[in-house]
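Visitor: Take this structure first; my questions come after.
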Amino acid sequence: MLPQPNNSAPIIILVRPQMVENIGATARAMMNCGLNDLRIVDPRDAWPLSATLQERMDASSAGAHSIFQTTKLFASVREAVGDLNMVYASTARNRDMVKETLTPRAATAEFHARLQSGEKIGLLFGPERTGLINDDLVCAEKLVSIPANPEFSSFNLAQSVLIIGYEWFTYAQSRLRTEGAQSSRAINYGKTRPATKDEVFHLFDHLERELEDG
């Protein structure tokens, strides 16, 4: 039986990853932190991988290769986040965009509350060389930035996943100890429900068409 994605934890989304070793190390970081739902957008190497690349990825995962049994591939960020309600993007650089920026520690409290409310959330991580571009960031509501030495603030892809995953894991464990499985901090939406990203995208597409026709 294949491992099932954990619906009470964030989904990790790697955008255009360039090295299979970094994908493997990301899987290792995810397993360390109790995360097992991985999505990959337009990787450099075509999947299914060649035997050599698969071996290199499995080796760098250090035994966490079970993550790859349920990994999903997508052609675009928009497709990868379509069924999600909330998306956070990890970035180290200041962007000319009006988006709230959180530290990993501050973001994890939001993750927990939204997940306890039944929402699905995702964390975007960009390619190793350039990070996420603005076209990727428009699919996210908020940014997550890891505090670091301003003279050397770049993190390896798997390091970024591990740092944010660690903050998530320690926060979630502390809430379970103090509150039990159900959190009193869950968001109350009454008789409504949060929209998925697909629904939001379709609304924007509709508005754009109406403006063009007008």
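Within each chain, counting starts at residue 1; across the structure tokens, chains are named A, B, ... in the order shown, with ligands numbered 1 upward in that order.
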Compile the contact shell of A:Ile133 as a PDB file with N, CA, C and O atoms, in the first residue's frame: residues with an atom at most 12 Å away, counting only C-alpha atoms, same-chain residues fewer than 2 positions apart removed.
Guide:
ATOM      1  N   VAL A  15       9.266  24.272  -7.374  1.00  0.00           N
ATOM      2  CA  VAL A  15       9.028  24.867  -8.686  1.00  0.00           C
ATOM      3  C   VAL A  15      10.312  24.829  -9.512  1.00  0.00           C
ATOM      4  O   VAL A  15      11.334  25.389  -9.136  1.00  0.00           O
ATOM      5  N   ARG A  16      10.249  24.119 -10.611  1.00  0.00           N
ATOM      6  CA  ARG A  16      11.357  23.982 -11.568  1.00  0.00           C
ATOM      7  C   ARG A  16      12.685  23.610 -10.902  1.00  0.00           C
ATOM      8  O   ARG A  16      13.731  24.257 -11.156  1.00  0.00           O
ATOM      9  N   VAL A  77       2.701  26.300 -12.017  1.00  0.00           N
ATOM     10  CA  VAL A  77       2.371  26.572 -10.607  1.00  0.00           C
ATOM     11  C   VAL A  77       0.861  26.656 -10.445  1.00  0.00           C
ATOM     12  O   VAL A  77       0.294  26.147  -9.471  1.00  0.00           O
ATOM     13  N   ALA A  89       4.746  31.455  -0.230  1.00  0.00           N
ATOM     14  CA  ALA A  89       5.922  31.310  -1.078  1.00  0.00           C
ATOM     15  C   ALA A  89       7.173  31.665  -0.297  1.00  0.00           C
ATOM     16  O   ALA A  89       7.241  32.714   0.351  1.00  0.00           O
ATOM     17  N   SER A  90       8.175  30.799  -0.355  1.00  0.00           N
ATOM     18  CA  SER A  90       9.438  31.035   0.318  1.00  0.00           C
ATOM     19  C   SER A  90      10.344  31.859  -0.592  1.00  0.00           C
ATOM     20  O   SER A  90      10.601  31.484  -1.735  1.00  0.00           O
ATOM     21  N   THR A  91      10.833  32.983  -0.070  1.00  0.00           N
ATOM     22  CA  THR A  91      11.712  33.830  -0.863  1.00  0.00           C
ATOM     23  C   THR A  91      12.706  34.542   0.041  1.00  0.00           C
ATOM     24  O   THR A  91      12.388  34.890   1.178  1.00  0.00           O
ATOM     25  N   ALA A  92      13.910  34.750  -0.463  1.00  0.00           N
ATOM     26  CA  ALA A  92      14.956  35.423   0.311  1.00  0.00           C
ATOM     27  C   ALA A  92      15.119  36.875  -0.101  1.00  0.00           C
ATOM     28  O   ALA A  92      15.783  37.639   0.591  1.00  0.00           O
ATOM     29  N   ARG A  93      14.512  37.254  -1.239  1.00  0.00           N
ATOM     30  CA  ARG A  93      14.734  38.594  -1.767  1.00  0.00           C
ATOM     31  C   ARG A  93      13.508  39.480  -1.578  1.00  0.00           C
ATOM     32  O   ARG A  93      12.378  39.005  -1.599  1.00  0.00           O
ATOM     33  N   ASN A  94      13.741  40.782  -1.416  1.00  0.00           N
ATOM     34  CA  ASN A  94      12.640  41.734  -1.377  1.00  0.00           C
ATOM     35  C   ASN A  94      12.004  41.806  -2.758  1.00  0.00           C
ATOM     36  O   ASN A  94      12.684  41.835  -3.775  1.00  0.00           O
ATOM     37  N   ARG A  95      10.686  41.842  -2.793  1.00  0.00           N
ATOM     38  CA  ARG A  95       9.973  41.880  -4.069  1.00  0.00           C
ATOM     39  C   ARG A  95       9.137  43.156  -4.140  1.00  0.00           C
ATOM     40  O   ARG A  95       8.669  43.670  -3.133  1.00  0.00           O
ATOM     41  N   ASP A  96       8.929  43.631  -5.352  1.00  0.00           N
ATOM     42  CA  ASP A  96       8.087  44.814  -5.540  1.00  0.00           C
ATOM     43  C   ASP A  96       6.627  44.379  -5.631  1.00  0.00           C
ATOM     44  O   ASP A  96       5.927  44.651  -6.608  1.00  0.00           O
ATOM     45  N   MET A  97       6.180  43.705  -4.586  1.00  0.00           N
ATOM     46  CA  MET A  97       4.809  43.216  -4.532  1.00  0.00           C
ATOM     47  C   MET A  97       4.255  43.510  -3.145  1.00  0.00           C
ATOM     48  O   MET A  97       4.974  43.466  -2.149  1.00  0.00           O
ATOM     49  N   LEU A 124       5.458  27.114  -1.549  1.00  0.00           N
ATOM     50  CA  LEU A 124       6.210  27.142  -2.795  1.00  0.00           C
ATOM     51  C   LEU A 124       7.687  27.397  -2.527  1.00  0.00           C
ATOM     52  O   LEU A 124       8.045  28.292  -1.760  1.00  0.00           O
ATOM     53  N   PHE A 125       8.532  26.624  -3.205  1.00  0.00           N
ATOM     54  CA  PHE A 125       9.980  26.821  -3.141  1.00  0.00           C
ATOM     55  C   PHE A 125      10.506  26.895  -4.574  1.00  0.00           C
ATOM     56  O   PHE A 125      10.181  26.051  -5.403  1.00  0.00           O
ATOM     57  N   GLY A 126      11.341  27.899  -4.855  1.00  0.00           N
ATOM     58  CA  GLY A 126      11.770  28.144  -6.220  1.00  0.00           C
ATOM     59  C   GLY A 126      12.997  27.352  -6.629  1.00  0.00           C
ATOM     60  O   GLY A 126      13.614  26.646  -5.823  1.00  0.00           O
ATOM     61  N   PRO A 127      13.372  27.474  -7.907  1.00  0.00           N
ATOM     62  CA  PRO A 127      14.543  26.769  -8.424  1.00  0.00           C
ATOM     63  C   PRO A 127      15.824  27.259  -7.751  1.00  0.00           C
ATOM     64  O   PRO A 127      15.904  28.396  -7.278  1.00  0.00           O
ATOM     65  N   GLU A 128      16.818  26.386  -7.742  1.00  0.00           N
ATOM     66  CA  GLU A 128      18.043  26.647  -6.989  1.00  0.00           C
ATOM     67  C   GLU A 128      18.766  27.918  -7.428  1.00  0.00           C
ATOM     68  O   GLU A 128      19.280  28.663  -6.580  1.00  0.00           O
ATOM     69  N   ARG A 129      18.832  28.169  -8.709  1.00  0.00           N
ATOM     70  CA  ARG A 129      19.674  29.268  -9.193  1.00  0.00           C
ATOM     71  C   ARG A 129      19.014  30.630  -9.032  1.00  0.00           C
ATOM     72  O   ARG A 129      19.667  31.616  -8.676  1.00  0.00           O
ATOM     73  N   THR A 130      17.718  30.716  -9.295  1.00  0.00           N
ATOM     74  CA  THR A 130      17.061  32.026  -9.346  1.00  0.00           C
ATOM     75  C   THR A 130      16.018  32.247  -8.261  1.00  0.00           C
ATOM     76  O   THR A 130      15.640  33.393  -7.998  1.00  0.00           O
ATOM     77  N   GLY A 131      15.518  31.186  -7.654  1.00  0.00           N
ATOM     78  CA  GLY A 131      14.377  31.354  -6.749  1.00  0.00           C
ATOM     79  C   GLY A 131      13.107  31.577  -7.553  1.00  0.00           C
ATOM     80  O   GLY A 131      13.094  31.521  -8.790  1.00  0.00           O
ATOM     81  N   ASP A 135       5.938  35.803 -11.578  1.00  0.00           N
ATOM     82  CA  ASP A 135       4.806  35.052 -12.118  1.00  0.00           C
ATOM     83  C   ASP A 135       4.417  33.888 -11.207  1.00  0.00           C
ATOM     84  O   ASP A 135       3.256  33.463 -11.192  1.00  0.00           O
ATOM     85  N   ASP A 136       5.389  33.352 -10.463  1.00  0.00           N
ATOM     86  CA  ASP A 136       5.089  32.302  -9.488  1.00  0.00           C
ATOM     87  C   ASP A 136       4.444  32.900  -8.244  1.00  0.00           C
ATOM     88  O   ASP A 136       3.492  32.339  -7.683  1.00  0.00           O
ATOM     89  N   LEU A 137       4.958  34.052  -7.821  1.00  0.00           N
ATOM     90  CA  LEU A 137       4.514  34.648  -6.567  1.00  0.00           C
ATOM     91  C   LEU A 137       3.079  35.147  -6.611  1.00  0.00           C
ATOM     92  O   LEU A 137       2.434  35.260  -5.564  1.00  0.00           O
ATOM     93  N   VAL A 138       2.566  35.442  -7.808  1.00  0.00           N
ATOM     94  CA  VAL A 138       1.177  35.898  -7.877  1.00  0.00           C
ATOM     95  C   VAL A 138       0.206  34.791  -7.475  1.00  0.00           C
ATOM     96  O   VAL A 138      -0.952  35.068  -7.164  1.00  0.00           O
ATOM     97  N   CYS A 139       0.682  33.554  -7.457  1.00  0.00           N
ATOM     98  CA  CYS A 139      -0.166  32.429  -7.042  1.00  0.00           C
ATOM     99  C   CYS A 139      -0.174  32.243  -5.527  1.00  0.00           C
ATOM    100  O   CYS A 139      -0.870  31.363  -5.015  1.00  0.00           O
ATOM    101  N   ALA A 140       0.602  33.049  -4.819  1.00  0.00           N
ATOM    102  CA  ALA A 140       0.685  32.936  -3.363  1.00  0.00           C
ATOM    103  C   ALA A 140       0.096  34.171  -2.705  1.00  0.00           C
ATOM    104  O   ALA A 140       0.216  35.288  -3.220  1.00  0.00           O
TER     105      ALA A 140
END
Visitor: Would you list the contacts of stretch 41-44 of chain A as a VMD selection string, taking every protein, DNA or RNA residue within 7 Å and counting only C-alpha atoms, but skipping same-chain residues closer than 2 positions in sequence?
Guide: chain A and resid 14 to 18 39 46 73 to 77 80
Visitor: I need the residue nearest A:Ala62 from this list: A:Ala29, A:Val144, A:Leu49, A:Leu35. Use only C-alpha atoms for the distance.
Guide: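 Residue with the minimum atom-to-atom distance to A:Ala62: A:Ala29.
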Visitor: So the first atom is atom CA of A:Glu151 and the second is atom CA of A:Ile12; what is the distance between them in Å, to one decimal place?
Guide: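 Separating atom CA of A:Glu151 from atom CA of A:Ile12 is a distance of 27.4 Å.
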Visitor: If we count only C-alpha atoms and set the cut-off at 10 Å, which residues sit around A:Ser160, ignoring sequence neighbours fewer than 3 positions away in its own chain? Please answer as a list in words.
Guide: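 Selected residues are Thr26, Ala29, Ser90, Thr91, Ala92, Pro104, Phe125, Ser145, Ile146, Ser154, Phe155, Asn156, Leu157, Ile163, Ile164, Gly165 and Tyr166 of chain A.
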Visitor: Would you mind exporting the chosen residues as a CSV table (one decimal), in the first residue's frame, restricted to C-alpha atoms?
Guide:
chain,number,residue,atom,x,y,z
A,26,THR,CA,14.1,17.8,0.2
A,29,ALA,CA,14.0,17.1,5.2
A,90,SER,CA,9.4,31.0,0.3
A,91,THR,CA,11.7,33.8,-0.9
A,92,ALA,CA,15.0,35.4,0.3
A,104,PRO,CA,8.8,30.6,9.4
A,125,PHE,CA,10.0,26.8,-3.1
A,145,SER,CA,11.4,34.7,4.5
A,146,ILE,CA,14.0,33.0,6.6
A,154,SER,CA,20.8,32.4,0.3
A,155,PHE,CA,19.8,28.9,1.4
A,156,ASN,CA,20.0,25.6,-0.4
A,157,LEU,CA,16.6,24.3,-1.5
A,163,ILE,CA,14.0,25.2,8.4
A,164,ILE,CA,10.3,25.9,7.6
A,165,GLY,CA,9.4,22.2,8.2
A,166,TYR,CA,11.2,22.2,11.5
Visitor: Please give the complete set of residues from stretch 36-187 of chain A that DSSP, run on the backbone, assigns to strand (DSSP E or B), formatted as a compact mmCIF listing (two decimals) with all heavy atoms, in the first residue's frame.
Guide:
# COMPACT_ATOMS: atom_id res chain seq x y z
N LEU A 38 4.44 15.83 -1.53
CA LEU A 38 5.36 16.60 -2.38
C LEU A 38 4.79 16.75 -3.78
O LEU A 38 4.33 15.79 -4.39
CB LEU A 38 6.72 15.88 -2.46
CG LEU A 38 7.77 16.50 -3.38
CD1 LEU A 38 8.16 17.91 -2.92
CD2 LEU A 38 9.01 15.59 -3.47
N ARG A 39 4.83 17.99 -4.29
CA ARG A 39 4.44 18.28 -5.66
C ARG A 39 5.63 18.95 -6.35
O ARG A 39 6.33 19.75 -5.73
CB ARG A 39 3.21 19.19 -5.70
CG ARG A 39 1.99 18.57 -5.03
CD ARG A 39 0.77 19.48 -5.10
NE ARG A 39 -0.37 18.85 -4.44
CZ ARG A 39 -1.61 19.35 -4.43
NH1 ARG A 39 -1.86 20.49 -5.07
NH2 ARG A 39 -2.58 18.71 -3.79
N ILE A 40 5.82 18.63 -7.62
CA ILE A 40 6.94 19.20 -8.37
C ILE A 40 6.41 19.82 -9.66
O ILE A 40 5.63 19.19 -10.39
CB ILE A 40 7.99 18.12 -8.70
CG1 ILE A 40 8.55 17.52 -7.40
CG2 ILE A 40 9.12 18.71 -9.53
CD1 ILE A 40 9.56 16.40 -7.63
N VAL A 41 6.83 21.06 -9.91
CA VAL A 41 6.40 21.78 -11.10
C VAL A 41 7.55 21.84 -12.10
O VAL A 41 8.62 22.38 -11.80
CB VAL A 41 5.95 23.21 -10.74
CG1 VAL A 41 5.59 24.01 -11.99
CG2 VAL A 41 4.78 23.18 -9.77
N LYS A 72 3.47 14.20 -6.99
CA LYS A 72 2.68 14.56 -8.18
C LYS A 72 3.45 15.61 -8.99
O LYS A 72 4.05 16.51 -8.42
CB LYS A 72 1.31 15.11 -7.77
CG LYS A 72 0.44 14.13 -7.00
CD LYS A 72 -0.89 14.77 -6.63
CE LYS A 72 -1.77 13.80 -5.86
NZ LYS A 72 -1.24 13.53 -4.51
N LEU A 73 3.40 15.48 -10.32
CA LEU A 73 4.07 16.41 -11.21
C LEU A 73 3.04 17.31 -11.90
O LEU A 73 1.94 16.85 -12.25
CB LEU A 73 4.89 15.68 -12.26
CG LEU A 73 6.37 15.46 -11.91
CD1 LEU A 73 6.50 14.49 -10.75
CD2 LEU A 73 7.14 14.98 -13.11
N PHE A 74 3.42 18.58 -12.11
CA PHE A 74 2.53 19.55 -12.75
C PHE A 74 3.33 20.37 -13.76
O PHE A 74 4.54 20.57 -13.60
CB PHE A 74 1.91 20.49 -11.70
CG PHE A 74 1.02 19.79 -10.71
CD1 PHE A 74 1.57 19.23 -9.56
CD2 PHE A 74 -0.34 19.70 -10.92
CE1 PHE A 74 0.76 18.58 -8.64
CE2 PHE A 74 -1.16 19.06 -10.00
CZ PHE A 74 -0.60 18.50 -8.86
N MET A 86 -4.88 28.12 0.36
CA MET A 86 -3.93 29.15 0.76
C MET A 86 -2.52 28.72 0.35
O MET A 86 -2.15 27.56 0.54
CB MET A 86 -3.99 29.36 2.28
CG MET A 86 -3.16 30.51 2.80
SD MET A 86 -3.96 32.09 2.42
CE MET A 86 -2.86 33.22 3.28
N VAL A 87 -1.77 29.65 -0.22
CA VAL A 87 -0.42 29.34 -0.67
C VAL A 87 0.55 30.36 -0.10
O VAL A 87 0.31 31.58 -0.15
CB VAL A 87 -0.34 29.34 -2.21
CG1 VAL A 87 1.09 29.08 -2.67
CG2 VAL A 87 -1.29 28.29 -2.80
N TYR A 88 1.65 29.86 0.43
CA TYR A 88 2.75 30.68 0.93
C TYR A 88 3.97 30.42 0.05
O TYR A 88 4.19 29.28 -0.37
CB TYR A 88 3.09 30.32 2.37
CG TYR A 88 1.96 30.53 3.36
CD1 TYR A 88 0.93 29.60 3.48
CD2 TYR A 88 1.94 31.65 4.19
CE1 TYR A 88 -0.10 29.79 4.38
CE2 TYR A 88 0.92 31.84 5.11
CZ TYR A 88 -0.10 30.90 5.20
OH TYR A 88 -1.13 31.08 6.11
N ALA A 89 4.75 31.45 -0.23
CA ALA A 89 5.92 31.31 -1.08
C ALA A 89 7.17 31.67 -0.30
O ALA A 89 7.24 32.71 0.35
CB ALA A 89 5.81 32.21 -2.31
N SER A 90 8.17 30.80 -0.36
CA SER A 90 9.44 31.04 0.32
C SER A 90 10.34 31.86 -0.59
O SER A 90 10.60 31.48 -1.74
CB SER A 90 10.12 29.70 0.66
OG SER A 90 11.40 29.92 1.19
N THR A 101 4.88 39.52 4.55
CA THR A 101 6.02 38.61 4.68
C THR A 101 6.15 38.16 6.13
O THR A 101 6.19 38.99 7.04
CB THR A 101 7.32 39.30 4.23
OG1 THR A 101 7.19 39.72 2.87
CG2 THR A 101 8.50 38.34 4.33
N LEU A 102 6.21 36.85 6.32
CA LEU A 102 6.27 36.25 7.65
C LEU A 102 7.59 35.50 7.84
O LEU A 102 8.17 35.02 6.87
CB LEU A 102 5.12 35.27 7.86
CG LEU A 102 3.69 35.79 7.64
CD1 LEU A 102 2.71 34.63 7.68
CD2 LEU A 102 3.33 36.82 8.68
N ILE A 121 -3.22 23.83 2.43
CA ILE A 121 -2.25 24.89 2.19
C ILE A 121 -0.99 24.32 1.56
O ILE A 121 -0.64 23.17 1.75
CB ILE A 121 -1.91 25.66 3.48
CG1 ILE A 121 -1.12 24.77 4.45
CG2 ILE A 121 -3.15 26.20 4.15
CD1 ILE A 121 -0.60 25.52 5.65
N GLY A 122 -0.32 25.17 0.79
CA GLY A 122 0.91 24.76 0.12
C GLY A 122 2.02 25.76 0.33
O GLY A 122 1.77 26.95 0.54
N LEU A 123 3.25 25.26 0.27
CA LEU A 123 4.45 26.09 0.41
C LEU A 123 5.26 25.99 -0.88
O LEU A 123 5.70 24.90 -1.26
CB LEU A 123 5.31 25.62 1.58
CG LEU A 123 4.61 25.47 2.94
CD1 LEU A 123 5.60 24.99 3.98
CD2 LEU A 123 4.01 26.79 3.37
N LEU A 124 5.46 27.11 -1.55
CA LEU A 124 6.21 27.14 -2.79
C LEU A 124 7.69 27.40 -2.53
O LEU A 124 8.04 28.29 -1.76
CB LEU A 124 5.71 28.26 -3.71
CG LEU A 124 4.31 28.17 -4.33
CD1 LEU A 124 4.06 29.43 -5.16
CD2 LEU A 124 4.18 26.94 -5.19
N PHE A 125 8.53 26.62 -3.20
CA PHE A 125 9.98 26.82 -3.14
C PHE A 125 10.51 26.89 -4.57
O PHE A 125 10.18 26.05 -5.40
CB PHE A 125 10.66 25.67 -2.40
CG PHE A 125 10.28 25.58 -0.95
CD1 PHE A 125 9.15 24.89 -0.56
CD2 PHE A 125 11.04 26.20 0.03
CE1 PHE A 125 8.77 24.80 0.77
CE2 PHE A 125 10.69 26.12 1.37
CZ PHE A 125 9.55 25.43 1.74
N LYS A 142 0.86 34.99 0.62
CA LYS A 142 1.83 35.53 1.56
C LYS A 142 3.22 34.96 1.26
O LYS A 142 3.36 33.91 0.63
CB LYS A 142 1.44 35.22 3.01
CG LYS A 142 0.11 35.84 3.43
CD LYS A 142 -0.16 35.64 4.92
CE LYS A 142 -1.50 36.27 5.30
NZ LYS A 142 -1.75 36.18 6.77
N LEU A 143 4.24 35.67 1.75
CA LEU A 143 5.62 35.25 1.58
C LEU A 143 6.18 34.79 2.93
O LEU A 143 5.78 35.29 3.98
CB LEU A 143 6.47 36.39 1.04
CG LEU A 143 5.98 37.09 -0.23
CD1 LEU A 143 6.95 38.20 -0.62
CD2 LEU A 143 5.80 36.10 -1.37
N VAL A 144 7.10 33.83 2.86
CA VAL A 144 7.82 33.38 4.05
C VAL A 144 9.31 33.60 3.79
O VAL A 144 9.84 33.11 2.80
CB VAL A 144 7.56 31.90 4.36
CG1 VAL A 144 8.34 31.47 5.60
CG2 VAL A 144 6.06 31.65 4.57
Visitor: Residues near A:Ala195, anyone? I mean within 9 Å using only C-alpha atoms, not counting same-chain ones fewer than 3 positions away, as a PyMOL selection string.
Guide: chain A and resi 84-86+198-200
Visitor: Counting only C-alpha atoms, which residue out of A:Ser117, A:Gln159, A:Asn22, A:Ser60 sits closest to A:Ser8?
Guide: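 Residue with the minimum atom-to-atom distance to A:Ser8: A:Ser117.
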Visitor: Interatomic distance between atom CA of A:Pro10 and atom CA of A:Gly118?
Guide: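 Computing the Euclidean distance for atom CA of A:Pro10 and atom CA of A:Gly118 yields 11.7 Å.
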Visitor: I'd like the interatomic distance between atom CA of A:Gln116 and atom CA of A:Glu141, to a tenth of an Å.
Guide: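 Value for the atom CA of A:Gln116-atom CA of A:Glu141 distance: 18.7 Å.
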